[in-house]
Each structure stands twice: as C-alpha cells, then as structure tokens.
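Below is work-v6.cif, holding mmCIF, C-alpha atoms and all ligand atoms.
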```
data_data
#
loop_
_atom_site.label_atom_id
_atom_site.label_comp_id
_atom_site.auth_asym_id
_atom_site.auth_seq_id
_atom_site.Cartn_x
_atom_site.Cartn_y
_atom_site.Cartn_z
CA MET A 1 -26.71 -149.82 5.21
CA THR A 2 -28.65 -150.42 2.04
CA ASN A 3 -29.83 -153.44 0.23
CA GLU A 4 -29.08 -152.49 -3.34
CA THR A 5 -29.96 -155.92 -4.68
CA SER A 6 -32.18 -155.39 -7.67
CA PRO A 7 -35.89 -155.68 -6.93
CA ILE A 8 -36.46 -157.67 -10.07
CA LEU A 9 -34.27 -160.51 -8.90
CA ARG A 10 -36.25 -163.41 -7.52
CA GLU A 11 -35.27 -166.12 -5.14
CA GLU A 12 -34.62 -169.37 -6.92
CA ALA A 13 -33.31 -171.77 -4.31
CA PRO A 14 -32.90 -171.62 -0.58
CA PRO A 15 -30.04 -169.12 -0.22
CA ALA A 16 -26.82 -170.12 1.46
CA ARG A 17 -27.07 -169.05 5.08
CA PRO A 18 -25.58 -165.59 5.64
CA THR A 19 -23.62 -167.05 8.53
CA ASP A 20 -21.72 -169.39 6.20
CA GLY A 21 -18.34 -168.35 4.91
CA THR A 22 -15.80 -165.72 5.75
CA VAL A 23 -16.14 -161.96 5.92
CA TYR A 24 -13.39 -159.33 5.94
CA VAL A 25 -14.03 -156.79 8.70
CA SER A 26 -11.93 -154.82 11.22
CA GLY A 27 -8.75 -155.64 9.33
CA ALA A 28 -9.08 -159.45 9.31
CA PHE A 29 -10.96 -162.37 7.78
CA ARG A 30 -13.48 -163.73 10.29
CA PRO A 31 -16.19 -166.38 10.27
CA ALA A 32 -19.33 -164.68 8.90
CA ALA A 33 -21.25 -165.66 12.04
CA ASP A 34 -18.84 -163.57 14.15
CA ALA A 35 -18.44 -160.65 11.73
CA ALA A 36 -19.83 -157.45 13.25
CA VAL A 37 -19.39 -153.70 13.34
CA SER A 38 -19.75 -151.32 16.26
CA VAL A 39 -23.17 -149.80 17.05
CA PHE A 40 -21.25 -146.50 17.09
CA ASP A 41 -20.21 -146.91 13.45
CA HIS A 42 -21.30 -143.83 11.54
CA GLY A 43 -22.18 -146.04 8.58
CA LEU A 44 -24.99 -147.43 10.76
CA LEU A 45 -25.85 -144.21 12.60
CA TYR A 46 -25.80 -141.82 9.63
CA GLY A 47 -25.39 -143.81 6.42
CA ASP A 48 -21.92 -142.28 6.36
CA GLY A 49 -19.95 -144.49 4.01
CA VAL A 50 -19.65 -145.82 0.48
CA PHE A 51 -19.93 -149.19 -1.17
CA GLU A 52 -19.67 -151.28 -4.32
CA GLY A 53 -21.57 -154.31 -5.61
CA ILE A 54 -19.31 -156.49 -7.77
CA ARG A 55 -19.81 -159.80 -9.61
CA ALA A 56 -17.53 -162.75 -10.17
CA TYR A 57 -18.15 -164.93 -13.21
CA ASN A 58 -16.32 -168.02 -14.24
CA GLY A 59 -13.55 -167.64 -11.66
CA ARG A 60 -12.90 -163.97 -12.52
CA ILE A 61 -13.98 -160.71 -10.95
CA PHE A 62 -15.58 -158.53 -13.58
CA LYS A 63 -14.29 -154.92 -13.70
CA LEU A 64 -12.75 -155.21 -10.23
CA GLU A 65 -10.30 -152.35 -10.75
CA ARG A 66 -13.04 -150.08 -12.12
CA HIS A 67 -15.28 -150.78 -9.12
CA VAL A 68 -12.43 -150.02 -6.73
CA GLU A 69 -11.67 -146.83 -8.64
CA ARG A 70 -15.33 -145.76 -8.28
CA LEU A 71 -15.20 -146.65 -4.57
CA PHE A 72 -12.22 -144.33 -4.12
CA ASP A 73 -14.00 -141.59 -6.10
CA SER A 74 -17.09 -141.90 -3.88
CA ALA A 75 -14.87 -141.84 -0.78
CA LYS A 76 -13.01 -138.78 -2.03
CA ALA A 77 -16.29 -136.96 -2.63
CA ILE A 78 -17.36 -137.50 0.99
CA ARG A 79 -13.83 -136.85 2.39
CA LEU A 80 -13.51 -140.43 3.64
CA GLU A 81 -9.99 -141.78 3.82
CA ILE A 82 -9.77 -145.46 2.91
CA PRO A 83 -6.89 -146.94 4.93
CA HIS A 84 -5.55 -148.90 1.93
CA THR A 85 -4.36 -148.30 -1.59
CA PRO A 86 -6.69 -149.31 -4.45
CA GLY A 87 -4.33 -152.23 -5.17
CA GLU A 88 -4.60 -153.45 -1.56
CA VAL A 89 -8.40 -153.23 -1.69
CA CYS A 90 -8.40 -155.31 -4.89
CA ASP A 91 -6.17 -157.89 -3.17
CA ILE A 92 -8.51 -158.09 -0.14
CA VAL A 93 -11.49 -158.66 -2.47
CA VAL A 94 -9.65 -161.40 -4.37
CA GLU A 95 -8.59 -163.06 -1.10
CA ALA A 96 -12.19 -162.90 0.18
CA CYS A 97 -13.30 -164.75 -2.98
CA ARG A 98 -10.57 -167.36 -2.54
CA ARG A 99 -11.43 -167.99 1.08
CA ASN A 100 -15.11 -168.38 0.19
CA GLU A 101 -14.23 -170.63 -2.78
CA ILE A 102 -16.15 -168.37 -5.12
CA HIS A 103 -16.32 -169.17 -8.82
CA ASP A 104 -19.50 -167.24 -9.58
CA GLY A 105 -20.61 -164.82 -6.92
CA TYR A 106 -21.63 -161.42 -5.68
CA ILE A 107 -19.23 -159.25 -3.69
CA ARG A 108 -20.26 -156.41 -1.42
CA LEU A 109 -17.41 -154.02 -0.66
CA VAL A 110 -18.29 -151.44 1.99
CA VAL A 111 -16.29 -148.66 3.61
CA THR A 112 -17.92 -146.90 6.54
CA ARG A 113 -16.68 -143.84 8.40
CA GLY A 114 -16.00 -146.23 11.30
CA PRO A 115 -16.92 -146.02 14.98
CA GLY A 116 -17.19 -142.55 16.48
CA ASP A 117 -19.27 -140.68 19.01
CA LEU A 118 -22.96 -139.81 18.70
CA GLY A 119 -23.27 -136.71 16.54
CA ILE A 120 -22.55 -136.55 12.83
CA ASP A 121 -19.14 -134.91 13.03
CA PRO A 122 -16.87 -137.38 11.22
CA ARG A 123 -13.84 -136.14 13.14
CA THR A 124 -14.86 -138.42 16.03
CA CYS A 125 -14.31 -141.46 13.77
CA ARG A 126 -10.68 -142.46 13.94
CA ARG A 127 -10.47 -145.07 11.22
CA ALA A 128 -12.68 -146.13 8.34
CA GLU A 129 -14.06 -149.66 8.47
CA VAL A 130 -13.51 -151.81 5.37
CA ILE A 131 -15.89 -154.74 4.92
CA VAL A 132 -15.97 -157.41 2.20
CA ILE A 133 -18.87 -159.86 2.05
CA VAL A 134 -18.97 -162.51 -0.66
CA ARG A 135 -21.96 -164.68 -1.55
CA PRO A 136 -22.51 -167.35 -4.17
CA GLN A 137 -24.76 -165.26 -6.41
CA LEU A 138 -26.13 -168.05 -8.53
CA ALA A 139 -27.58 -169.87 -5.54
CA ILE A 140 -29.51 -166.77 -4.56
CA TYR A 141 -30.78 -164.85 -7.56
CA ARG A 142 -32.35 -165.39 -10.93
CA ALA A 143 -33.00 -162.44 -13.18
CA PRO A 144 -36.20 -162.79 -15.21
CA THR A 145 -35.53 -162.68 -18.92
CA ASP A 146 -39.12 -161.99 -19.96
CA GLY A 147 -39.14 -158.40 -18.81
CA ILE A 148 -40.39 -156.26 -15.97
CA ARG A 149 -43.14 -153.72 -15.37
CA VAL A 150 -42.03 -150.31 -14.20
CA ILE A 151 -43.80 -147.26 -12.76
CA THR A 152 -42.47 -143.72 -12.49
CA SER A 153 -41.93 -142.78 -8.86
CA ALA A 154 -43.06 -139.51 -7.33
CA PHE A 155 -39.68 -139.43 -5.56
CA ARG A 156 -37.10 -137.56 -7.59
CA ARG A 157 -33.49 -138.74 -7.75
CA ASN A 158 -31.23 -136.67 -5.50
CA ALA A 159 -30.56 -133.26 -6.97
CA ILE A 160 -27.02 -132.86 -8.26
CA ASP A 161 -26.38 -130.06 -5.78
CA ALA A 162 -27.60 -132.24 -2.89
CA THR A 163 -25.89 -135.61 -2.32
CA SER A 164 -24.56 -136.24 -5.80
CA PRO A 165 -26.14 -139.32 -7.39
CA SER A 166 -22.61 -140.19 -8.55
CA ILE A 167 -21.64 -141.00 -4.97
CA LYS A 168 -22.42 -144.63 -4.26
CA SER A 169 -23.15 -143.93 -0.63
CA LEU A 170 -24.71 -145.98 2.13
CA ASN A 171 -27.67 -143.62 2.17
CA TYR A 172 -30.26 -145.06 -0.23
CA LEU A 173 -33.42 -143.82 1.45
CA ASN A 174 -34.40 -141.80 -1.61
CA ASN A 175 -34.29 -144.96 -3.70
CA VAL A 176 -35.83 -147.12 -0.98
CA LEU A 177 -38.88 -144.82 -0.93
CA ALA A 178 -39.24 -145.15 -4.68
CA ARG A 179 -38.92 -148.91 -4.36
CA ILE A 180 -41.68 -148.99 -1.70
CA GLU A 181 -43.87 -147.01 -4.07
CA ALA A 182 -43.26 -149.60 -6.81
CA ASN A 183 -44.19 -152.37 -4.37
CA ASP A 184 -47.37 -150.56 -3.34
CA ARG A 185 -48.36 -150.06 -6.98
CA GLY A 186 -47.71 -153.69 -7.93
CA ALA A 187 -44.75 -152.93 -10.18
CA ASP A 188 -41.39 -154.69 -10.40
CA GLU A 189 -39.31 -151.52 -10.31
CA ALA A 190 -39.54 -147.72 -10.18
CA LEU A 191 -38.12 -145.20 -12.61
CA MET A 192 -36.88 -141.99 -11.00
CA LEU A 193 -36.80 -138.57 -12.63
CA ASP A 194 -34.23 -135.88 -11.93
CA ALA A 195 -35.05 -132.50 -10.37
CA GLN A 196 -35.86 -131.07 -13.84
CA GLY A 197 -38.19 -133.93 -14.72
CA TYR A 198 -35.86 -135.77 -17.10
CA VAL A 199 -35.46 -139.51 -16.72
CA ALA A 200 -32.61 -140.34 -14.33
CA GLU A 201 -32.47 -144.06 -13.48
CA ALA A 202 -34.18 -146.94 -11.71
CA THR A 203 -33.78 -147.50 -7.96
CA VAL A 204 -30.64 -149.64 -8.18
CA ASP A 205 -30.05 -149.79 -11.92
CA ASN A 206 -29.37 -147.50 -14.85
CA PHE A 207 -31.92 -147.11 -17.61
CA PHE A 208 -31.74 -147.21 -21.41
CA ILE A 209 -34.30 -146.82 -24.18
CA VAL A 210 -34.11 -147.79 -27.82
CA THR A 211 -35.67 -145.41 -30.34
CA ASP A 212 -35.85 -145.65 -34.12
CA HIS A 213 -32.59 -143.71 -34.22
CA ALA A 214 -30.39 -144.90 -31.39
CA LEU A 215 -29.84 -146.48 -28.03
CA LEU A 216 -30.24 -143.66 -25.50
CA ALA A 217 -28.92 -143.33 -21.95
CA PRO A 218 -29.41 -140.29 -19.70
CA PRO A 219 -26.12 -138.45 -19.01
CA THR A 220 -24.57 -139.51 -15.70
CA ALA A 221 -24.85 -136.12 -13.96
CA THR A 222 -28.21 -137.21 -12.57
CA ASN A 223 -27.57 -140.87 -11.89
CA LEU A 224 -24.92 -143.33 -10.81
CA LYS A 225 -21.99 -143.70 -13.18
CA GLY A 226 -22.94 -147.33 -13.61
CA ILE A 227 -20.22 -149.74 -14.61
CA THR A 228 -22.68 -151.97 -16.46
CA ARG A 229 -23.92 -148.86 -18.26
CA GLU A 230 -20.35 -148.03 -19.28
CA ALA A 231 -19.77 -151.60 -20.45
CA LEU A 232 -22.99 -151.58 -22.49
CA LEU A 233 -22.06 -148.36 -24.26
CA SER A 234 -18.87 -150.14 -25.41
CA VAL A 235 -20.82 -153.29 -26.27
CA ALA A 236 -23.09 -151.14 -28.47
CA VAL A 237 -20.07 -149.84 -30.39
CA GLY A 238 -18.93 -153.42 -30.98
CA LEU A 239 -22.41 -154.35 -32.24
CA ASN A 240 -22.59 -151.29 -34.52
CA ILE A 241 -25.54 -149.95 -32.57
CA ARG A 242 -25.59 -146.18 -32.49
CA ALA A 243 -25.61 -145.04 -28.86
CA GLU A 244 -26.10 -141.56 -27.41
CA GLU A 245 -25.98 -140.11 -23.92
CA ARG A 246 -28.53 -137.32 -23.74
CA PRO A 247 -31.44 -136.24 -21.56
CA PHE A 248 -34.87 -137.63 -22.42
CA THR A 249 -38.36 -137.45 -21.00
CA LEU A 250 -41.11 -139.82 -19.97
CA PHE A 251 -42.76 -139.22 -23.33
CA ASP A 252 -39.64 -140.65 -25.00
CA VAL A 253 -39.83 -143.67 -22.68
CA TRP A 254 -43.55 -144.34 -23.24
CA THR A 255 -43.06 -144.19 -27.01
CA ALA A 256 -39.71 -146.05 -27.13
CA ARG A 257 -39.30 -149.19 -29.23
CA GLU A 258 -37.50 -150.96 -26.39
CA ALA A 259 -36.26 -150.23 -22.88
CA PHE A 260 -34.11 -152.00 -20.30
CA ILE A 261 -32.49 -151.51 -16.93
CA CYS A 262 -28.94 -152.59 -16.19
CA GLY A 263 -26.68 -153.06 -13.22
CA THR A 264 -24.08 -155.40 -11.79
CA ALA A 265 -26.60 -157.56 -9.93
CA ALA A 266 -29.46 -157.48 -12.44
CA GLU A 267 -27.26 -157.48 -15.58
CA VAL A 268 -29.58 -156.38 -18.44
CA VAL A 269 -33.33 -156.74 -17.86
CA PRO A 270 -35.91 -155.79 -20.48
CA VAL A 271 -38.68 -153.39 -19.49
CA ILE A 272 -42.00 -154.32 -21.06
CA SER A 273 -44.22 -151.59 -19.66
CA VAL A 274 -43.85 -148.19 -18.03
CA ASP A 275 -46.78 -146.48 -16.26
CA GLY A 276 -49.20 -148.87 -17.91
CA ARG A 277 -47.90 -148.15 -21.43
CA THR A 278 -46.61 -151.18 -23.29
CA ILE A 279 -43.08 -150.62 -24.53
CA GLY A 280 -42.69 -151.61 -28.18
CA SER A 281 -44.28 -154.98 -28.82
CA GLY A 282 -44.42 -155.78 -25.10
CA GLY A 283 -41.76 -158.45 -25.48
CA VAL A 284 -37.98 -158.46 -25.54
CA GLY A 285 -36.89 -156.36 -28.51
CA PRO A 286 -34.16 -157.27 -31.00
CA VAL A 287 -31.67 -154.62 -29.86
CA THR A 288 -32.07 -155.62 -26.21
CA SER A 289 -31.64 -159.29 -27.12
CA ARG A 290 -28.36 -158.60 -28.91
CA ILE A 291 -27.09 -156.49 -26.03
CA VAL A 292 -28.06 -159.13 -23.45
CA ALA A 293 -26.21 -161.82 -25.40
CA ALA A 294 -23.10 -159.69 -25.92
CA TYR A 295 -23.02 -158.64 -22.27
CA HIS A 296 -23.29 -162.24 -21.08
CA GLU A 297 -20.37 -163.14 -23.29
CA LEU A 298 -18.34 -160.14 -22.09
CA VAL A 299 -18.73 -160.79 -18.35
CA ARG A 300 -17.69 -164.40 -18.75
CA SER A 301 -14.63 -163.62 -20.84
CA GLN A 302 -12.71 -161.05 -18.81
CA GLY A 303 -11.87 -159.97 -15.28
CA ARG A 304 -9.30 -160.41 -12.55
CA PRO A 305 -8.65 -164.13 -11.94
CA ILE A 306 -9.54 -165.28 -8.43
CA GLN A 307 -7.03 -168.12 -8.35
CA PRO A 308 -3.34 -167.40 -8.92
CA ALA A 309 -2.04 -168.38 -12.35
CA PRO A 310 -0.37 -171.82 -12.30
CA PRO A 311 3.44 -171.58 -12.37
CA ALA A 312 4.85 -171.37 -15.89
CA ARG A 313 5.85 -174.78 -17.08
CA GLU A 314 9.52 -175.10 -17.84
CA MET A 315 11.22 -176.88 -20.65
CA VAL A 316 13.54 -179.66 -19.46
CA ALA A 317 15.57 -181.52 -22.06
CA GLY A 318 13.14 -180.51 -24.77
CA TYR A 319 10.04 -181.61 -22.78
CA ARG A 320 7.49 -179.37 -21.14
CA VAL A 321 7.15 -180.28 -17.44
C1 LIG B 401 -28.67 -146.12 -8.01
C2 LIG B 401 -27.95 -147.09 -8.87
N1 LIG B 401 -27.91 -146.87 -10.19
C3 LIG B 401 -27.26 -147.72 -11.02
C4 LIG B 401 -26.64 -148.85 -10.55
C5 LIG B 401 -25.91 -149.77 -11.49
O1 LIG B 401 -24.52 -149.61 -11.32
P1 LIG B 401 -23.50 -150.73 -11.71
O2 LIG B 401 -23.73 -151.08 -13.13
O3 LIG B 401 -22.17 -150.12 -11.50
O4 LIG B 401 -23.76 -151.89 -10.80
C6 LIG B 401 -26.66 -149.12 -9.17
C7 LIG B 401 -25.99 -150.29 -8.63
O5 LIG B 401 -25.92 -150.51 -7.47
C8 LIG B 401 -27.33 -148.21 -8.31
O6 LIG B 401 -27.39 -148.44 -6.99
#
```

Could you express the structure from this file as structure tokens?
Ligand SMILES: Cc1ncc(COP(=O)(O)O)c(C=O)c1O
Amino acid sequence: MTNETSPILREEAPPARPTDGTVYVSGAFRPAADAAVSVFDHGLLYGDGVFEGIRAYNGRIFKLERHVERLFDSAKAIRLEIPHTPGEVCDIVVEACRRNEIHDGYIRLVVTRGPGDLGIDPRTCRRAEVIVIVRPQLAIYRAPTDGIRVITSAFRRNAIDATSPSIKSLNYLNNVLARIEANDRGADEALMLDAQGYVAEATVDNFFIVTDHALLAPPTATNLKGITREALLSVAVGLNIRAEERPFTLFDVWTAREAFICGTAAEVVPVISVDGRTIGSGGVGPVTSRIVAAYHELVRSQGRPIQPAPPAREMVAGYRV
C-alpha cells in the first residue's frame, strides 16, 4: 500500500496514535489496534487495489460522492468488483467519521483485491476488501504557505498505455522513486514528465502554472484526474481567471510567472523554484494567493454532512418547538 500523503506536509504536533479510533475492515467497524488484513491479500502482495484520499472540513466531507465515483472508475479499469453500491460506500465513510468523532479530518478509503493464493491471478481472490481509515488531519499535518522547491525527476509518469495514470491504484512505486530522488536532491517535491517529455504532475499532486496569458494545467491523460484540480478549474472561472488544459514543457514551467501543486491532502501549495530556477518573484504570486483563498472558502462551505440533520422543528399552536 502507498503513503500518498504529500511530501510537503510537515508534522506539527505529536500525531494521534494510529491505534486510536475505529477502522472499517472485513465488513465491520473494529478498534484500530485490532484492524488487520490477511498477508495473502493481493493489495499487499501485488499492489492490486485502488484507493481514495478524502478530506473532511467543518463537519462535512468535501466531494465525497466525486471521490467514490472515481474509486468505482479506478476499480472498473482494473476489473475489481466493489461489493457495495457507491451509495453504500459513501454511508460507510460517513459512519466511519461519526464513530471517530471527526469534524476536520483525513479519510483513506481503500479497496484491495482481497485475500487469494500466491500468484497474481485475481481469480483466486474471492471478495474485495473494503477499508476505511479516518484520522484527525489537523493534528497531523501543516501545509507550508511560503512555497516549496521542486526538482524534475528522471522517472517518467506511467505511460498511458501502461498502467493508466488515471487509475488511483495501490501501486505507487513509480511516484515513490521520484519522491526518493527529490529527497536525495534536497527538494520538497518532484515534478514528473510524461513519456513524451511534457509536464505530467507531482508525485502525489497535480501541477499548475500561471503564465501572462492563463492558468495552465496539463490534460489529464497523463496524470491523475485530480479532484482538487477539477475544483480549482471551477474556482478559476468564478474568479474570472482564464484557465486552459493543454500540454506544456519544462521551459514553460521555468519561465512561468507562478506555479503550484494541488491535491486533497496538500490543498494548494505554491512552488517557488523548479530545478534551481526561481519561479516568478520567488514568492507566492497574486493568482495563486487568490486561488488559495477561494479554495479554502470552498472546502469549508460544502460537502456531505457527517452528522445527521436535526429533526425539522414543528409548529405547535403557532410556536416553533
Ligand atoms: C498521483 C497523484 N496526482 C494527483 C493527486 C491529487 O488528486 P486529488 O486532488 O484528487 O487528491 C493525487 C492524490 O492522491 C495523486 O496521488
């Protein structure tokens, strides 16, 4: 399984112990300390599975239905049958948040191929394993607002005719290798190119640049169809910022006015240098600042409520009770 937590997130306070709380696994909610999967699970043996990283803000789960839709798309692409409807998966996620008393948090939704025999043939796996882990995000992570330094990795993003980068699978080795390269080179994050040499995305985040003409995002054929990316393209419309999805090169990045990465965990993080070239003024640019502010407002203002709505108050003899 992968740790897709953004590399630019830093520890702020001693994290809640992973053994605290309740985890959904093997069809039931269990104390986290007892939650386990089989050593024969093909998610563990072969990275055979899919997952989502989701955030809760202000008592609501942001874009829950969209994440679950993407989970089902990833599962369909790898011919993995999820033993629930999308609505049931949403309900399990909400219940996991309730049981863990989450107001603001991070949710990891994982579906593995389930336990099978040794050998990759998925036909030996009788039932997919659905796992929901919920953690109080704010106690664990703090995204820097002053920007990160990025290098371009020698590892290319998966080719579109290999394991499609649109599948959010449990196999992140390609990205892990790029991340190790960033660590080795003293950078905060790595940018990955596609097989043709166009900019694809960062290791666990999508990537945008701001030019004199527009906000630019690479088309999603070569990267994950990020839900934050989608949300930011809508945010840009609301802010009257011209946005385009089109391929661009490292030259465009090095000479951009601004750049940022974005993802559910990291939110929107300015990039202040790429491959030793300062981006724009080297600080947080005006377009990025507006997008960060609008995104923060958006995530706190919508989403599926974790707690059930209070019963409608009735009118009795002209008084609301
Ligand atoms: C490779 C990759 N790209 C982009 C993203 C950002 O996607 P989202 O905004 O849906 O979290 C992620 C998130 O996990 C990712 O793993």

Kindly list the centre and edge lengths in Å, rounded to one decimal, for the axis-aligned box that covers all listed atoms of region 261-278 of chain A plus 8 Å on each of its six sides, as JSON.
```
{"center_x": -36.6, "center_y": -152.0, "center_z": -16.6, "size_x": 41.1, "size_y": 27.1, "size_z": 29.4}
```

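For ligand LIG 401 (chain B), the set of protein, DNA and RNA residues within 6 Å, based on only C-alpha atoms and all ligand atoms, reads Glu4, Thr203, Val204, Asp205, Asn206, Leu224, Gly226, Ile227, Thr228, Arg229, Gly263 and Thr264 of chain A.
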
Please, which residues in region 179-289 of chain A fall within 6 Å of region 146-166 of chain A when counting all atoms listed in the file, and what is the closest atom pair and distance in Å to one decimal for each, ordered by chain then residue number, as CSV?
```
residue,atom,partner,partner_atom,distance
A:Ala187,CA,A:Arg149,CA,5.5
A:Asp188,CA,A:Arg149,CA,5.4
A:Glu189,CA,A:Val150,CA,4.9
A:Ala190,CA,A:Ile151,CA,5.0
A:Leu191,CA,A:Thr152,CA,4.6
A:Met192,CA,A:Ser153,CA,5.5
A:Leu193,CA,A:Arg156,CA,5.1
A:Asp194,CA,A:Arg157,CA,5.1
A:Ala195,CA,A:Ala159,CA,5.7
A:Thr222,CA,A:Pro165,CA,6.0
A:Asn223,CA,A:Pro165,CA,5.0
A:Leu224,CA,A:Ser166,CA,4.5
A:Lys225,CA,A:Ser166,CA,5.8
A:Pro270,CA,A:Gly147,CA,4.5
A:Val271,CA,A:Ile148,CA,4.9
A:Ile272,CA,A:Gly147,CA,5.5
A:Ser273,CA,A:Arg149,CA,4.9
A:Val274,CA,A:Val150,CA,4.7
A:Asp275,CA,A:Ile151,CA,4.7
```

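Proximity to Pro122 (chain A) was assessed for A:Leu177, A:Ile78, A:Ala56, A:Ala221 counting all atoms listed in the file; the smallest distance is recorded for A:Ile78.
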
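The coordinates place CA of Leu170 (chain A) at 8.8 Å from CA of Leu44 (chain A).
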
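Checking A:Lys168, A:His84, A:Arg98, A:Arg246 one by one against Leu215 (chain A), counting all atoms listed in the file, you find the shortest gap at A:Arg246.
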
Worksheet item: Within 10 Å of (-28.8, -155.0, -26.9), in the coordinates the file gives, what residues turn up when you count all atoms listed in the file, written out as JSON, numbers by chain?
Response: {"A": [208, 210, 215, 232, 233, 235, 236, 239, 241, 258, 259, 260, 268, 270, 284, 285, 286, 287, 288, 289, 290, 291, 292, 293, 294, 295]}

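CA of Gln302 (chain A) is found 21.6 Å from CA of Val132 (chain A).
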
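When CA of Ile133 (chain A) is paired with CA of Ala265 (chain A), their separation reads 14.4 Å.
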
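Proximity to Asp48 (chain A) was assessed for A:Gly283, A:Gly119, A:Glu245, A:Gly303 counting all atoms listed in the file; the smallest distance is recorded for A:Gly119.
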
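For the set A:Glu244, A:Asp121, A:Asp20, A:Glu267, the residue with the smallest atom-to-atom gap to Leu298 (chain A) is A:Glu267, counting only C-alpha atoms.
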
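The environment of Asn58 (chain A) within 10 Å, counting all atoms listed in the file and disregarding residues fewer than 4 places along the same chain, consists of Phe62, Ile102, His103, Asp104, Gly105, Val299, Arg300, Ser301, Gln302, Gly303, Pro305 and Ile306 of chain A.
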
Worksheet item: Near Ser38 (chain A), within 10 Å and counting only C-alpha atoms, which residues show up once chain neighbours fewer than 4 positions away are dropped, as a ChimeraX atom specification?
Response: /A:26,42-44,114-116,129

Keeping only C-alpha atoms, write the selected residues to a file as an mmCIF file, keeping the file's coordinate frame.
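This went into again.cif:
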```
data_model
loop_
_atom_site.group_PDB
_atom_site.id
_atom_site.type_symbol
_atom_site.label_atom_id
_atom_site.label_comp_id
_atom_site.auth_asym_id
_atom_site.auth_seq_id
_atom_site.Cartn_x
_atom_site.Cartn_y
_atom_site.Cartn_z
ATOM 1 C CA SER A 26 -11.930 -154.820 11.220
ATOM 2 C CA HIS A 42 -21.300 -143.830 11.540
ATOM 3 C CA GLY A 43 -22.180 -146.040 8.580
ATOM 4 C CA LEU A 44 -24.990 -147.430 10.760
ATOM 5 C CA GLY A 114 -16.000 -146.230 11.300
ATOM 6 C CA PRO A 115 -16.920 -146.020 14.980
ATOM 7 C CA GLY A 116 -17.190 -142.550 16.480
ATOM 8 C CA GLU A 129 -14.060 -149.660 8.470
#
```

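Minimum atom-to-atom distance to Ala96 (chain A), evaluated using only C-alpha atoms, belongs to A:Tyr24 out of A:Tyr24, A:Phe248, A:Tyr172, A:Phe207.
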
Item to complete: Quick one: everything within 10 Å of Thr112 (chain A), counting only C-alpha atoms, minus sequence neighbours fewer than 6 positions away in the same chain. Send it as a PyMOL selection string.
Response: chain A and resi 1+37+41-44+46-51+75+80-82+125+127-131+169-170
